[in-house]
file start-v8.cif (mmCIF, C-alpha atoms and all ligand atoms)
data_run
loop_
_atom_site.group_PDB
_atom_site.id
_atom_site.type_symbol
_atom_site.label_atom_id
_atom_site.label_comp_id
_atom_site.auth_asym_id
_atom_site.auth_seq_id
_atom_site.Cartn_x
_atom_site.Cartn_y
_atom_site.Cartn_z
ATOM 1 C CA MET A 710 40.898 -13.687 0.912
ATOM 2 C CA ARG A 711 38.624 -10.691 0.427
ATOM 3 C CA ALA A 712 36.152 -9.722 -2.261
ATOM 4 C CA GLY A 713 35.694 -6.289 -3.791
ATOM 5 C CA VAL A 714 32.528 -5.259 -5.642
ATOM 6 C CA ASP A 715 32.424 -2.313 -8.017
ATOM 7 C CA LEU A 716 28.751 -1.429 -8.427
ATOM 8 C CA GLY A 717 28.451 0.524 -11.666
ATOM 9 C CA GLY A 718 25.555 1.935 -13.683
ATOM 10 C CA THR A 719 25.987 -0.700 -16.406
ATOM 11 C CA LYS A 720 27.960 -3.527 -14.795
ATOM 12 C CA ILE A 721 28.925 -5.109 -11.513
ATOM 13 C CA GLU A 722 32.597 -6.061 -11.430
ATOM 14 C CA VAL A 723 33.796 -8.385 -8.644
ATOM 15 C CA VAL A 724 37.326 -9.490 -7.709
ATOM 16 C CA VAL A 725 38.630 -11.818 -5.026
ATOM 17 C CA VAL A 726 42.132 -10.912 -3.843
ATOM 18 C CA GLY A 727 44.665 -12.381 -1.451
ATOM 19 C CA GLU A 728 46.980 -10.696 1.093
ATOM 20 C CA ASP A 729 49.102 -9.259 -1.723
ATOM 21 C CA ASN A 730 46.043 -7.631 -3.382
ATOM 22 C CA GLN A 731 46.608 -9.723 -6.506
ATOM 23 C CA VAL A 732 43.416 -10.800 -8.263
ATOM 24 C CA ALA A 733 42.755 -14.518 -7.687
ATOM 25 C CA GLY A 734 39.264 -14.639 -9.193
ATOM 26 C CA GLN A 735 36.826 -12.293 -10.896
ATOM 27 C CA SER A 736 33.333 -12.066 -12.363
ATOM 28 C CA ARG A 737 31.141 -9.578 -14.146
ATOM 29 C CA GLN A 738 27.343 -9.139 -14.140
ATOM 30 C CA ALA A 739 25.078 -6.692 -15.947
ATOM 31 C CA THR A 740 23.522 -4.240 -13.473
ATOM 32 C CA PRO A 741 19.788 -5.053 -13.292
ATOM 33 C CA THR A 742 17.649 -2.238 -14.674
ATOM 34 C CA GLU A 743 14.476 -3.599 -13.042
ATOM 35 C CA GLY A 744 13.618 -4.791 -9.552
ATOM 36 C CA GLY A 745 15.278 -1.963 -7.631
ATOM 37 C CA PRO A 746 17.834 -2.454 -4.831
ATOM 38 C CA PRO A 747 16.899 -6.108 -4.009
ATOM 39 C CA ALA A 748 17.621 -7.171 -7.611
ATOM 40 C CA VAL A 749 20.931 -5.297 -7.590
ATOM 41 C CA VAL A 750 21.981 -6.871 -4.276
ATOM 42 C CA ALA A 751 21.067 -10.330 -5.633
ATOM 43 C CA ALA A 752 23.268 -9.688 -8.694
ATOM 44 C CA MET A 753 26.127 -8.547 -6.434
ATOM 45 C CA ALA A 754 25.774 -11.726 -4.337
ATOM 46 C CA GLN A 755 25.859 -13.823 -7.509
ATOM 47 C CA GLY A 756 28.986 -11.966 -8.628
ATOM 48 C CA VAL A 757 30.715 -12.574 -5.286
ATOM 49 C CA LYS A 758 29.858 -16.271 -5.479
ATOM 50 C CA GLU A 759 31.218 -16.626 -9.021
ATOM 51 C CA ALA A 760 34.423 -14.720 -8.220
ATOM 52 C CA ALA A 761 34.966 -16.817 -5.071
ATOM 53 C CA VAL A 762 34.502 -20.046 -7.042
ATOM 54 C CA ALA A 763 36.951 -18.734 -9.670
ATOM 55 C CA ALA A 764 39.452 -18.178 -6.838
ATOM 56 C CA GLY A 765 38.837 -21.710 -5.575
ATOM 57 C CA ILE A 766 37.000 -20.880 -2.329
ATOM 58 C CA GLU A 767 33.462 -20.771 -0.925
ATOM 59 C CA PRO A 768 31.944 -17.273 -0.437
ATOM 60 C CA ALA A 769 31.569 -17.953 3.306
ATOM 61 C CA GLU A 770 35.358 -18.401 3.525
ATOM 62 C CA LEU A 771 35.878 -14.743 2.580
ATOM 63 C CA SER A 772 37.210 -12.668 5.490
ATOM 64 C CA GLY A 773 35.265 -9.681 4.193
ATOM 65 C CA VAL A 774 33.546 -8.049 1.234
ATOM 66 C CA GLY A 775 33.971 -4.400 0.246
ATOM 67 C CA VAL A 776 31.551 -2.545 -2.024
ATOM 68 C CA GLY A 777 32.188 0.659 -3.943
ATOM 69 C CA SER A 778 28.731 2.133 -4.506
ATOM 70 C CA PRO A 779 27.297 5.190 -6.226
ATOM 71 C CA GLY A 780 24.864 7.417 -4.337
ATOM 72 C CA GLU A 781 24.997 8.377 -0.695
ATOM 73 C CA VAL A 782 26.733 5.819 1.472
ATOM 74 C CA SER A 783 26.147 5.916 5.200
ATOM 75 C CA ASP A 784 26.582 3.275 7.864
ATOM 76 C CA GLY A 785 26.230 0.304 5.519
ATOM 77 C CA THR A 786 23.272 1.761 3.646
ATOM 78 C CA VAL A 787 22.953 3.336 0.196
ATOM 79 C CA SER A 788 20.434 5.953 -0.950
ATOM 80 C CA HIS A 789 19.979 8.335 -3.904
ATOM 81 C CA ALA A 790 21.943 6.088 -6.266
ATOM 82 C CA ARG A 791 20.668 7.939 -9.303
ATOM 83 C CA ASN A 792 22.678 5.972 -11.858
ATOM 84 C CA LEU A 793 20.799 2.832 -10.751
ATOM 85 C CA ALA A 794 17.133 2.169 -11.466
ATOM 86 C CA ASP A 795 14.573 2.953 -8.709
ATOM 87 C CA TRP A 796 17.138 3.606 -6.011
ATOM 88 C CA GLU A 797 16.195 6.787 -4.140
ATOM 89 C CA ASP A 798 15.380 5.445 -0.670
ATOM 90 C CA VAL A 799 17.796 4.134 1.968
ATOM 91 C CA PHE A 800 18.571 0.435 1.431
ATOM 92 C CA PRO A 801 20.615 -1.687 3.906
ATOM 93 C CA VAL A 802 23.131 -3.097 1.421
ATOM 94 C CA ALA A 803 25.728 -4.253 3.982
ATOM 95 C CA LYS A 804 23.176 -6.309 5.868
ATOM 96 C CA GLU A 805 21.372 -7.796 2.853
ATOM 97 C CA LEU A 806 24.538 -8.639 0.919
ATOM 98 C CA GLY A 807 26.231 -9.910 4.082
ATOM 99 C CA ASP A 808 23.300 -12.281 4.725
ATOM 100 C CA ALA A 809 23.387 -13.488 1.112
ATOM 101 C CA VAL A 810 27.113 -14.282 0.980
ATOM 102 C CA GLY A 811 27.819 -15.110 4.633
ATOM 103 C CA ALA A 812 30.682 -12.622 5.117
ATOM 104 C CA PRO A 813 30.924 -9.131 6.668
ATOM 105 C CA VAL A 814 30.364 -6.273 4.194
ATOM 106 C CA ALA A 815 31.827 -2.737 4.240
ATOM 107 C CA ILE A 816 30.625 -0.043 1.831
ATOM 108 C CA GLY A 817 32.342 3.053 0.494
ATOM 109 C CA ASN A 818 31.780 5.620 -2.209
ATOM 110 C CA ASP A 819 32.599 4.091 -5.627
ATOM 111 C CA VAL A 820 34.940 6.789 -6.836
ATOM 112 C CA GLY A 821 36.509 7.136 -3.387
ATOM 113 C CA VAL A 822 37.517 3.484 -3.179
ATOM 114 C CA ALA A 823 38.830 3.495 -6.766
ATOM 115 C CA VAL A 824 40.944 6.562 -5.985
ATOM 116 C CA ASP A 825 42.178 4.913 -2.771
ATOM 117 C CA ALA A 826 43.292 1.937 -4.886
ATOM 118 C CA GLU A 827 45.168 4.235 -7.292
ATOM 119 C CA ALA A 828 46.776 5.978 -4.294
ATOM 120 C CA ALA A 829 47.889 2.695 -2.725
ATOM 121 C CA LEU A 830 48.713 0.566 -5.772
ATOM 122 C CA GLY A 831 48.328 2.569 -8.986
ATOM 123 C CA ALA A 832 48.896 5.876 -10.767
ATOM 124 C CA GLY A 833 48.781 7.968 -7.580
ATOM 125 C CA ARG A 834 51.405 5.939 -5.722
ATOM 126 C CA ASP A 835 54.236 8.413 -6.297
ATOM 127 C CA HIS A 836 52.264 11.557 -5.538
ATOM 128 C CA HIS A 837 51.552 13.324 -2.252
ATOM 129 C CA SER A 838 48.579 15.013 -3.820
ATOM 130 C CA PHE A 839 46.406 14.191 -6.783
ATOM 131 C CA LEU A 840 42.945 14.714 -8.142
ATOM 132 C CA GLY A 841 41.113 11.606 -9.351
ATOM 133 C CA VAL A 842 38.501 12.223 -12.046
ATOM 134 C CA TRP A 843 36.240 9.266 -12.830
ATOM 135 C CA TRP A 844 34.730 9.831 -16.263
ATOM 136 C CA GLY A 845 31.877 7.368 -16.732
ATOM 137 C CA THR A 846 28.064 7.370 -16.569
ATOM 138 C CA GLY A 847 28.514 10.484 -14.430
ATOM 139 C CA VAL A 848 31.681 12.417 -13.674
ATOM 140 C CA GLY A 849 32.910 11.574 -10.195
ATOM 141 C CA GLY A 850 35.960 12.751 -8.368
ATOM 142 C CA ALA A 851 38.027 12.451 -5.220
ATOM 143 C CA PHE A 852 41.293 13.991 -4.139
ATOM 144 C CA VAL A 853 44.256 12.989 -2.081
ATOM 145 C CA ILE A 854 46.073 15.712 -0.134
ATOM 146 C CA GLU A 855 49.271 14.947 1.798
ATOM 147 C CA GLY A 856 48.749 11.248 1.136
ATOM 148 C CA LYS A 857 45.221 11.121 2.546
ATOM 149 C CA ARG A 858 41.900 11.308 0.796
ATOM 150 C CA TRP A 859 40.174 14.589 1.632
ATOM 151 C CA LEU A 860 36.557 13.822 2.573
ATOM 152 C CA GLY A 861 35.337 17.275 3.572
ATOM 153 C CA ARG A 862 32.127 16.680 5.484
ATOM 154 C CA GLY A 863 31.650 13.486 3.499
ATOM 155 C CA ALA A 864 30.840 14.800 0.042
ATOM 156 C CA ALA A 865 34.154 16.243 -1.174
ATOM 157 C CA GLY A 866 35.295 15.714 -4.743
ATOM 158 C CA GLU A 867 32.048 16.198 -6.691
ATOM 159 C CA ILE A 868 33.858 17.700 -9.649
ATOM 160 C CA GLY A 869 30.999 16.611 -11.927
ATOM 161 C CA HIS A 870 28.799 19.238 -10.320
ATOM 162 C CA THR A 871 31.204 22.126 -10.550
ATOM 163 C CA VAL A 872 29.699 24.718 -12.864
ATOM 164 C CA ILE A 873 31.468 25.180 -16.173
ATOM 165 C CA LYS A 874 28.742 27.261 -17.812
ATOM 166 C CA LEU A 875 26.368 29.629 -16.038
ATOM 167 C CA GLY A 876 22.792 28.946 -17.147
ATOM 168 C CA GLY A 877 24.100 26.010 -19.200
ATOM 169 C CA ARG A 878 22.654 22.575 -19.864
ATOM 170 C CA ARG A 879 20.362 20.939 -17.365
ATOM 171 C CA CYS A 880 22.188 18.380 -15.204
ATOM 172 C CA GLU A 881 20.799 15.131 -13.802
ATOM 173 C CA CYS A 882 21.089 16.784 -10.359
ATOM 174 C CA GLY A 883 18.459 19.354 -11.363
ATOM 175 C CA ARG A 884 20.868 22.309 -11.609
ATOM 176 C CA ARG A 885 22.345 23.911 -14.699
ATOM 177 C CA GLY A 886 25.751 24.087 -16.303
ATOM 178 C CA CYS A 887 27.463 21.269 -14.359
ATOM 179 C CA LEU A 888 30.469 19.521 -15.915
ATOM 180 C CA GLU A 889 28.513 16.234 -15.842
ATOM 181 C CA ALA A 890 25.797 17.703 -18.082
ATOM 182 C CA TYR A 891 28.454 18.004 -20.816
ATOM 183 C CA ALA A 892 30.771 15.076 -20.106
ATOM 184 C CA GLY A 893 28.793 12.331 -18.321
ATOM 185 C CA ARG A 894 28.152 9.258 -20.488
ATOM 186 C CA ALA A 895 24.428 9.411 -19.694
ATOM 187 C CA SER A 896 24.078 13.019 -20.833
ATOM 188 C CA MET A 897 26.244 12.320 -23.904
ATOM 189 C CA GLU A 898 23.831 9.517 -24.776
ATOM 190 C CA ARG A 899 20.808 11.799 -24.386
ATOM 191 C CA ARG A 900 22.393 14.300 -26.750
ATOM 192 C CA ALA A 901 23.241 11.608 -29.285
ATOM 193 C CA ARG A 902 19.642 10.313 -29.119
ATOM 194 C CA LYS A 903 18.257 13.776 -29.755
ATOM 195 C CA GLN A 904 20.563 14.332 -32.735
ATOM 196 C CA ALA A 905 19.615 10.936 -34.192
ATOM 197 C CA ASP A 906 15.915 11.791 -33.694
ATOM 198 C CA ASP A 907 16.540 15.094 -35.475
ATOM 199 C CA GLY A 908 17.767 13.102 -38.487
ATOM 200 C CA LYS A 909 21.537 13.468 -38.062
ATOM 201 C CA LYS A 910 23.420 10.444 -39.414
ATOM 202 C CA THR A 911 25.199 8.359 -36.783
ATOM 203 C CA VAL A 912 26.208 4.712 -36.356
ATOM 204 C CA LEU A 913 26.026 4.924 -32.533
ATOM 205 C CA PHE A 914 22.626 3.285 -32.091
ATOM 206 C CA GLU A 915 23.177 0.679 -34.816
ATOM 207 C CA LEU A 916 26.371 -0.363 -33.029
ATOM 208 C CA MET A 917 24.517 -0.456 -29.726
ATOM 209 C CA LYS A 918 21.937 -2.906 -31.128
ATOM 210 C CA LYS A 919 24.530 -4.954 -32.993
ATOM 211 C CA HIS A 920 26.496 -5.497 -29.772
ATOM 212 C CA ASN A 921 23.363 -6.243 -27.717
ATOM 213 C CA HIS A 922 23.576 -3.231 -25.464
ATOM 214 C CA THR A 923 20.698 -1.083 -24.247
ATOM 215 C CA ARG A 924 22.985 1.898 -23.587
ATOM 216 C CA LEU A 925 25.817 3.629 -25.365
ATOM 217 C CA THR A 926 28.651 2.009 -23.431
ATOM 218 C CA SER A 927 32.222 3.301 -23.559
ATOM 219 C CA GLY A 928 33.010 0.510 -26.026
ATOM 220 C CA ILE A 929 30.277 1.702 -28.386
ATOM 221 C CA TRP A 930 31.575 5.282 -28.267
ATOM 222 C CA GLN A 931 35.059 3.979 -29.077
ATOM 223 C CA ARG A 932 33.797 1.942 -32.042
ATOM 224 C CA ALA A 933 31.847 4.909 -33.419
ATOM 225 C CA LEU A 934 34.948 7.112 -33.156
ATOM 226 C CA ASN A 935 36.995 4.446 -34.946
ATOM 227 C CA LYS A 936 34.462 4.585 -37.786
ATOM 228 C CA GLY A 937 34.804 8.376 -38.006
ATOM 229 C CA ASP A 938 31.225 9.018 -36.840
ATOM 230 C CA LYS A 939 30.790 12.809 -36.863
ATOM 231 C CA VAL A 940 28.034 12.933 -34.234
ATOM 232 C CA ALA A 941 30.119 10.841 -31.832
ATOM 233 C CA GLU A 942 33.235 12.915 -32.542
ATOM 234 C CA ARG A 943 31.494 16.202 -31.809
ATOM 235 C CA ILE A 944 29.928 14.968 -28.568
ATOM 236 C CA VAL A 945 33.181 13.430 -27.303
ATOM 237 C CA ASP A 946 35.162 16.570 -28.249
ATOM 238 C CA GLU A 947 32.692 18.693 -26.349
ATOM 239 C CA ALA A 948 32.952 16.379 -23.316
ATOM 240 C CA ILE A 949 36.747 16.632 -23.374
ATOM 241 C CA GLU A 950 36.591 20.407 -23.668
ATOM 242 C CA ALA A 951 34.291 20.507 -20.638
ATOM 243 C CA LEU A 952 36.558 18.138 -18.682
ATOM 244 C CA GLY A 953 39.543 20.343 -19.491
ATOM 245 C CA ALA A 954 37.788 23.406 -18.079
ATOM 246 C CA GLY A 955 36.479 21.622 -14.970
ATOM 247 C CA ILE A 956 39.728 19.839 -14.116
ATOM 248 C CA ALA A 957 41.888 22.909 -14.735
ATOM 249 C CA SER A 958 39.628 24.927 -12.427
ATOM 250 C CA ALA A 959 40.018 22.294 -9.701
ATOM 251 C CA VAL A 960 43.795 22.327 -10.184
ATOM 252 C CA ASN A 961 43.824 26.134 -10.001
ATOM 253 C CA LEU A 962 42.114 25.802 -6.627
ATOM 254 C CA LEU A 963 44.035 22.840 -5.137
ATOM 255 C CA ASP A 964 47.366 22.857 -7.027
ATOM 256 C CA THR A 965 47.703 19.050 -6.866
ATOM 257 C CA GLU A 966 50.843 17.374 -8.239
ATOM 258 C CA ALA A 967 48.905 15.057 -10.519
ATOM 259 C CA VAL A 968 45.539 14.274 -12.065
ATOM 260 C CA VAL A 969 44.486 10.651 -12.548
ATOM 261 C CA ILE A 970 41.750 9.956 -15.112
ATOM 262 C CA GLY A 971 39.683 6.803 -14.584
ATOM 263 C CA GLY A 972 36.082 5.616 -15.003
ATOM 264 C CA GLY A 973 34.515 3.720 -17.901
ATOM 265 C CA LEU A 974 35.170 6.332 -20.604
ATOM 266 C CA GLY A 975 38.435 7.505 -19.033
ATOM 267 C CA THR A 976 39.825 3.972 -18.986
ATOM 268 C CA ARG A 977 38.524 3.238 -22.479
ATOM 269 C CA PHE A 978 40.130 6.326 -24.073
ATOM 270 C CA GLY A 979 43.311 5.750 -22.022
ATOM 271 C CA GLN A 980 46.456 7.662 -22.910
ATOM 272 C CA THR A 981 44.884 9.248 -26.029
ATOM 273 C CA GLY A 982 42.032 10.662 -23.973
ATOM 274 C CA VAL A 983 44.424 11.862 -21.296
ATOM 275 C CA GLU A 984 46.485 13.799 -23.848
ATOM 276 C CA GLN A 985 43.366 15.436 -25.281
ATOM 277 C CA ILE A 986 42.180 16.416 -21.806
ATOM 278 C CA GLU A 987 45.673 17.812 -21.049
ATOM 279 C CA ARG A 988 45.512 20.028 -24.134
ATOM 280 C CA GLU A 989 42.099 21.378 -23.137
ATOM 281 C CA MET A 990 43.248 21.910 -19.540
ATOM 282 C CA ALA A 991 46.261 23.939 -20.681
ATOM 283 C CA LYS A 992 43.955 26.738 -21.897
ATOM 284 C CA HIS A 993 42.655 27.300 -18.374
ATOM 285 C CA LEU A 994 45.602 26.611 -16.061
ATOM 286 C CA PHE A 995 46.542 29.745 -14.122
ATOM 287 C CA VAL A 996 50.142 28.628 -13.440
ATOM 288 C CA SER A 997 50.572 27.463 -17.010
ATOM 289 C CA GLU A 998 54.342 26.849 -16.868
ATOM 290 C CA ARG A 999 53.935 24.146 -14.229
ATOM 291 C CA PRO A 1000 51.050 21.888 -15.210
ATOM 292 C CA PRO A 1001 50.243 18.828 -13.102
ATOM 293 C CA VAL A 1002 51.157 15.372 -14.369
ATOM 294 C CA VAL A 1003 48.054 13.854 -15.996
ATOM 295 C CA ARG A 1004 47.890 10.085 -16.312
ATOM 296 C CA PRO A 1005 45.331 7.346 -16.872
ATOM 297 C CA ALA A 1006 44.305 5.192 -13.915
ATOM 298 C CA ALA A 1007 46.794 2.316 -13.758
ATOM 299 C CA LEU A 1008 44.500 -0.389 -12.406
ATOM 300 C CA GLY A 1009 42.151 -0.201 -15.383
ATOM 301 C CA ASP A 1010 38.669 -1.670 -15.360
ATOM 302 C CA LEU A 1011 39.248 -3.614 -12.161
ATOM 303 C CA GLY A 1012 40.497 -0.621 -10.124
ATOM 304 C CA GLY A 1013 37.141 0.042 -8.492
ATOM 305 C CA ALA A 1014 36.730 -3.583 -7.439
ATOM 306 C CA ILE A 1015 40.323 -3.786 -6.154
ATOM 307 C CA GLY A 1016 39.749 -0.573 -4.175
ATOM 308 C CA ALA A 1017 36.572 -2.053 -2.718
ATOM 309 C CA ALA A 1018 38.568 -5.111 -1.644
ATOM 310 C CA LEU A 1019 41.033 -2.758 0.126
ATOM 311 C CA LEU A 1020 38.037 -1.375 1.995
ATOM 312 C CA ALA A 1021 37.171 -4.891 3.181
ATOM 313 C CA ALA A 1022 40.704 -5.143 4.574
ATOM 314 C CA SER A 1023 40.606 -1.888 6.474
ATOM 315 C CA ARG A 1024 39.554 -1.843 10.093
ATOM 316 C CA GLU A 1025 38.350 1.736 9.977
ATOM 317 C CA PRO A 1026 34.674 2.154 10.745
ATOM 318 C CA VAL A 1027 32.498 2.196 7.634
ATOM 319 C CA ALA A 1028 30.988 5.574 8.541
ATOM 320 C CA ALA A 1029 34.405 7.263 8.334
ATOM 321 C CA ARG A 1030 34.635 6.380 4.671
HETATM 322 ZN ZN ZN A 1101 24.881 18.657 -11.474
#
call {"tool": "encode", "arguments": {"input": "start-v8.cif", "output": "structure tokens"}}
result
Amino acid sequence: MRAGVDLGGTKIEVVVVGEDNQVAGQSRQATPTEGGPPAVVAAMAQGVKEAAVAAGIEPAELSGVGVGSPGEVSDGTVSHARNLADWEDVFPVAKELGDAVGAPVAIGNDVGVAVDAEAALGAGRDHHSFLGVWWGTGVGGAFVIEGKRWLGRGAAGEIGHTVIKLGGRRCECGRRGCLEAYAGRASMERRARKQADDGKKTVLFELMKKHNHTRLTSGIWQRALNKGDKVAERIVDEAIEALGAGIASAVNLLDTEAVVIGGGLGTRFGQTGVEQIEREMAKHLFVSERPPVVRPAALGDLGGAIGAALLAASREPVAAR
């Protein structure tokens, strides 16, 4: 059996799978917001232990552990993981986590491994080419061309930092007008906070407190929309409009057969969100009579962790991922 760890900005999702990639055990931890990389690695180790126990084995019996991580992944290390607290410098995750759980650890880019899982087992299975857009804390992406993920020189797929508005909003990356500055959950939260501070009426932050969250999670956005919250509606509409423009531009460039929408918000809004994004895309598609198929990620919330477990199974060198 292998374990897969999906290291997210708000939670750490772990699965243990067998040969058939079916989930035999799982666990979920909140991502520590204090203590930097060592605290996060300790939480991942705890998650692996709990998922292994749920699957009826000891962690040391695992043949391997895969991790899908944000930030820059190189040779078993992670740096510049901006969605995690205090994680700028290079940290040896593979070594530290491997020591903690007693099994070999391979690391890949979080969105990349989730898209690999969709390509192998999910919504991308029937397509030679597709663009994966992971709409969550940030907006990540990866694309599969001729059945293989295109890596470029290692950083391909950063659709969140394609420019949708010249001189537009400031992005977390320090530049202006990026898709992520309009559609990333973190930037949506900043905008909601500002509007609440300016006296606009919204239930977003009440719901956040009521459900014991410190951030506006995808679930909170969904609840606010269900209550007809105008502030939430406007911000989500604007995010979808921005996604439509960014994704259509990528399709105009690559002409992929399909687009798969995943990530925390993407999975939460599911088919409804996909249809809204499709409508916004249609305005910008150059070959409008032949739009790509757009579908939600099929593996849901566990897709990233399942993809990470696939990484543990692969014998390719970590650096090539
Ligand atoms: Zn950016």
call {"tool": "resolve_selection", "arguments": {"input": "start-v8.cif", "expression": "the PyMOL selection byres (((not hetatm)) within 10 of (chain A and resi 1101))", "output": "count of residues only"}}
result
21
call {"tool": "atom_distance", "arguments": {"input": "start-v8.cif", "atom1": "atom CA of Pro1005 of chain A", "atom2": "atom CA of Gly975 of chain A"}}
result
7.2 Å
call {"tool": "residues_around", "arguments": {"input": "start-v8.cif", "residues": "Ala823 of chain A", "least_positions_apart": "4", "cutoff": "6 Å", "atoms": "only C-alpha atoms", "output": "MDAnalysis selection string"}}
result
chainID A and resid 1012:1013 1016
call {"tool": "resolve_selection", "arguments": {"input": "start-v8.cif", "expression": "the PyMOL selection byres (((chain A and resi 972) around 8) and not hetatm)", "output": "VMD selection string"}}
result
chain A and resid 842 to 845 970 to 971 973 to 976 1010
call {"tool": "resolve_selection", "arguments": {"input": "start-v8.cif", "expression": "the PyMOL selection byres (((chain A and resi 712-723) around 9) and not hetatm)", "output": "PyMOL selection string"}}
result
chain A and resi 710-711+724-727+734-742+749+752-753+756-757+759-761+768+771-779+791-794+819+823+845-846+924+926+1010-1021
call {"tool": "write_last_selection", "arguments": {"input": "start-v8.cif", "atoms": "C-alpha atoms", "output": "PDB file, in the coordinates of the input"}}
result
ATOM      1  CA  MET A 710      40.898 -13.687   0.912  1.00  0.00           C
ATOM      2  CA  ARG A 711      38.624 -10.691   0.427  1.00  0.00           C
ATOM      3  CA  VAL A 724      37.326  -9.490  -7.709  1.00  0.00           C
ATOM      4  CA  VAL A 725      38.630 -11.818  -5.026  1.00  0.00           C
ATOM      5  CA  VAL A 726      42.132 -10.912  -3.843  1.00  0.00           C
ATOM      6  CA  GLY A 727      44.665 -12.381  -1.451  1.00  0.00           C
ATOM      7  CA  GLY A 734      39.264 -14.639  -9.193  1.00  0.00           C
ATOM      8  CA  GLN A 735      36.826 -12.293 -10.896  1.00  0.00           C
ATOM      9  CA  SER A 736      33.333 -12.066 -12.363  1.00  0.00           C
ATOM     10  CA  ARG A 737      31.141  -9.578 -14.146  1.00  0.00           C
ATOM     11  CA  GLN A 738      27.343  -9.139 -14.140  1.00  0.00           C
ATOM     12  CA  ALA A 739      25.078  -6.692 -15.947  1.00  0.00           C
ATOM     13  CA  THR A 740      23.522  -4.240 -13.473  1.00  0.00           C
ATOM     14  CA  PRO A 741      19.788  -5.053 -13.292  1.00  0.00           C
ATOM     15  CA  THR A 742      17.649  -2.238 -14.674  1.00  0.00           C
ATOM     16  CA  VAL A 749      20.931  -5.297  -7.590  1.00  0.00           C
ATOM     17  CA  ALA A 752      23.268  -9.688  -8.694  1.00  0.00           C
ATOM     18  CA  MET A 753      26.127  -8.547  -6.434  1.00  0.00           C
ATOM     19  CA  GLY A 756      28.986 -11.966  -8.628  1.00  0.00           C
ATOM     20  CA  VAL A 757      30.715 -12.574  -5.286  1.00  0.00           C
ATOM     21  CA  GLU A 759      31.218 -16.626  -9.021  1.00  0.00           C
ATOM     22  CA  ALA A 760      34.423 -14.720  -8.220  1.00  0.00           C
ATOM     23  CA  ALA A 761      34.966 -16.817  -5.071  1.00  0.00           C
ATOM     24  CA  PRO A 768      31.944 -17.273  -0.437  1.00  0.00           C
ATOM     25  CA  LEU A 771      35.878 -14.743   2.580  1.00  0.00           C
ATOM     26  CA  SER A 772      37.210 -12.668   5.490  1.00  0.00           C
ATOM     27  CA  GLY A 773      35.265  -9.681   4.193  1.00  0.00           C
ATOM     28  CA  VAL A 774      33.546  -8.049   1.234  1.00  0.00           C
ATOM     29  CA  GLY A 775      33.971  -4.400   0.246  1.00  0.00           C
ATOM     30  CA  VAL A 776      31.551  -2.545  -2.024  1.00  0.00           C
ATOM     31  CA  GLY A 777      32.188   0.659  -3.943  1.00  0.00           C
ATOM     32  CA  SER A 778      28.731   2.133  -4.506  1.00  0.00           C
ATOM     33  CA  PRO A 779      27.297   5.190  -6.226  1.00  0.00           C
ATOM     34  CA  ARG A 791      20.668   7.939  -9.303  1.00  0.00           C
ATOM     35  CA  ASN A 792      22.678   5.972 -11.858  1.00  0.00           C
ATOM     36  CA  LEU A 793      20.799   2.832 -10.751  1.00  0.00           C
ATOM     37  CA  ALA A 794      17.133   2.169 -11.466  1.00  0.00           C
ATOM     38  CA  ASP A 819      32.599   4.091  -5.627  1.00  0.00           C
ATOM     39  CA  ALA A 823      38.830   3.495  -6.766  1.00  0.00           C
ATOM     40  CA  GLY A 845      31.877   7.368 -16.732  1.00  0.00           C
ATOM     41  CA  THR A 846      28.064   7.370 -16.569  1.00  0.00           C
ATOM     42  CA  ARG A 924      22.985   1.898 -23.587  1.00  0.00           C
ATOM     43  CA  THR A 926      28.651   2.009 -23.431  1.00  0.00           C
ATOM     44  CA  ASP A1010      38.669  -1.670 -15.360  1.00  0.00           C
ATOM     45  CA  LEU A1011      39.248  -3.614 -12.161  1.00  0.00           C
ATOM     46  CA  GLY A1012      40.497  -0.621 -10.124  1.00  0.00           C
ATOM     47  CA  GLY A1013      37.141   0.042  -8.492  1.00  0.00           C
ATOM     48  CA  ALA A1014      36.730  -3.583  -7.439  1.00  0.00           C
ATOM     49  CA  ILE A1015      40.323  -3.786  -6.154  1.00  0.00           C
ATOM     50  CA  GLY A1016      39.749  -0.573  -4.175  1.00  0.00           C
ATOM     51  CA  ALA A1017      36.572  -2.053  -2.718  1.00  0.00           C
ATOM     52  CA  ALA A1018      38.568  -5.111  -1.644  1.00  0.00           C
ATOM     53  CA  LEU A1019      41.033  -2.758   0.126  1.00  0.00           C
ATOM     54  CA  LEU A1020      38.037  -1.375   1.995  1.00  0.00           C
ATOM     55  CA  ALA A1021      37.171  -4.891   3.181  1.00  0.00           C
TER      56      ALA A1021
END
call {"tool": "atom_distance", "arguments": {"input": "start-v8.cif", "atom1": "atom CA of Ile949 of chain A", "atom2": "atom CA of Gly841 of chain A"}}
result
15.5 Å
call {"tool": "residues_around", "arguments": {"input": "start-v8.cif", "residues": "segment 853-856 of chain A", "least_positions_apart": "3", "cutoff": "12 Å", "atoms": "all atoms listed in the file", "output": "number ranges by chain"}}
result
A: 821-829, 833-842, 850, 859-861, 865-866, 963-969
call {"tool": "closest_residue", "arguments": {"input": "start-v8.cif", "among": "A:Pro746, A:Gly937, A:Gly817, A:Gly807", "to": "Glu781 of chain A", "atoms": "only C-alpha atoms"}}
result
A:Gly817
call {"tool": "closest_residue", "arguments": {"input": "start-v8.cif", "among": "A:Lys758, A:Asp808, A:Val820, A:Arg977", "to": "Phe852 of chain A", "atoms": "all atoms listed in the file"}}
result
A:Val820
call {"tool": "atom_distance", "arguments": {"input": "start-v8.cif", "atom1": "atom CA of Lys919 of chain A", "atom2": "atom CA of Gly893 of chain A"}}
result
23.1 Å
call {"tool": "axis_aligned_box", "arguments": {"input": "start-v8.cif", "around": "segment 784-790 of chain A", "padding_each_side": "8 Å", "output": "JSON"}}
result
{"center_x": 23.3, "center_y": 4.3, "center_z": 0.8, "size_x": 22.6, "size_y": 24.0, "size_z": 30.1}
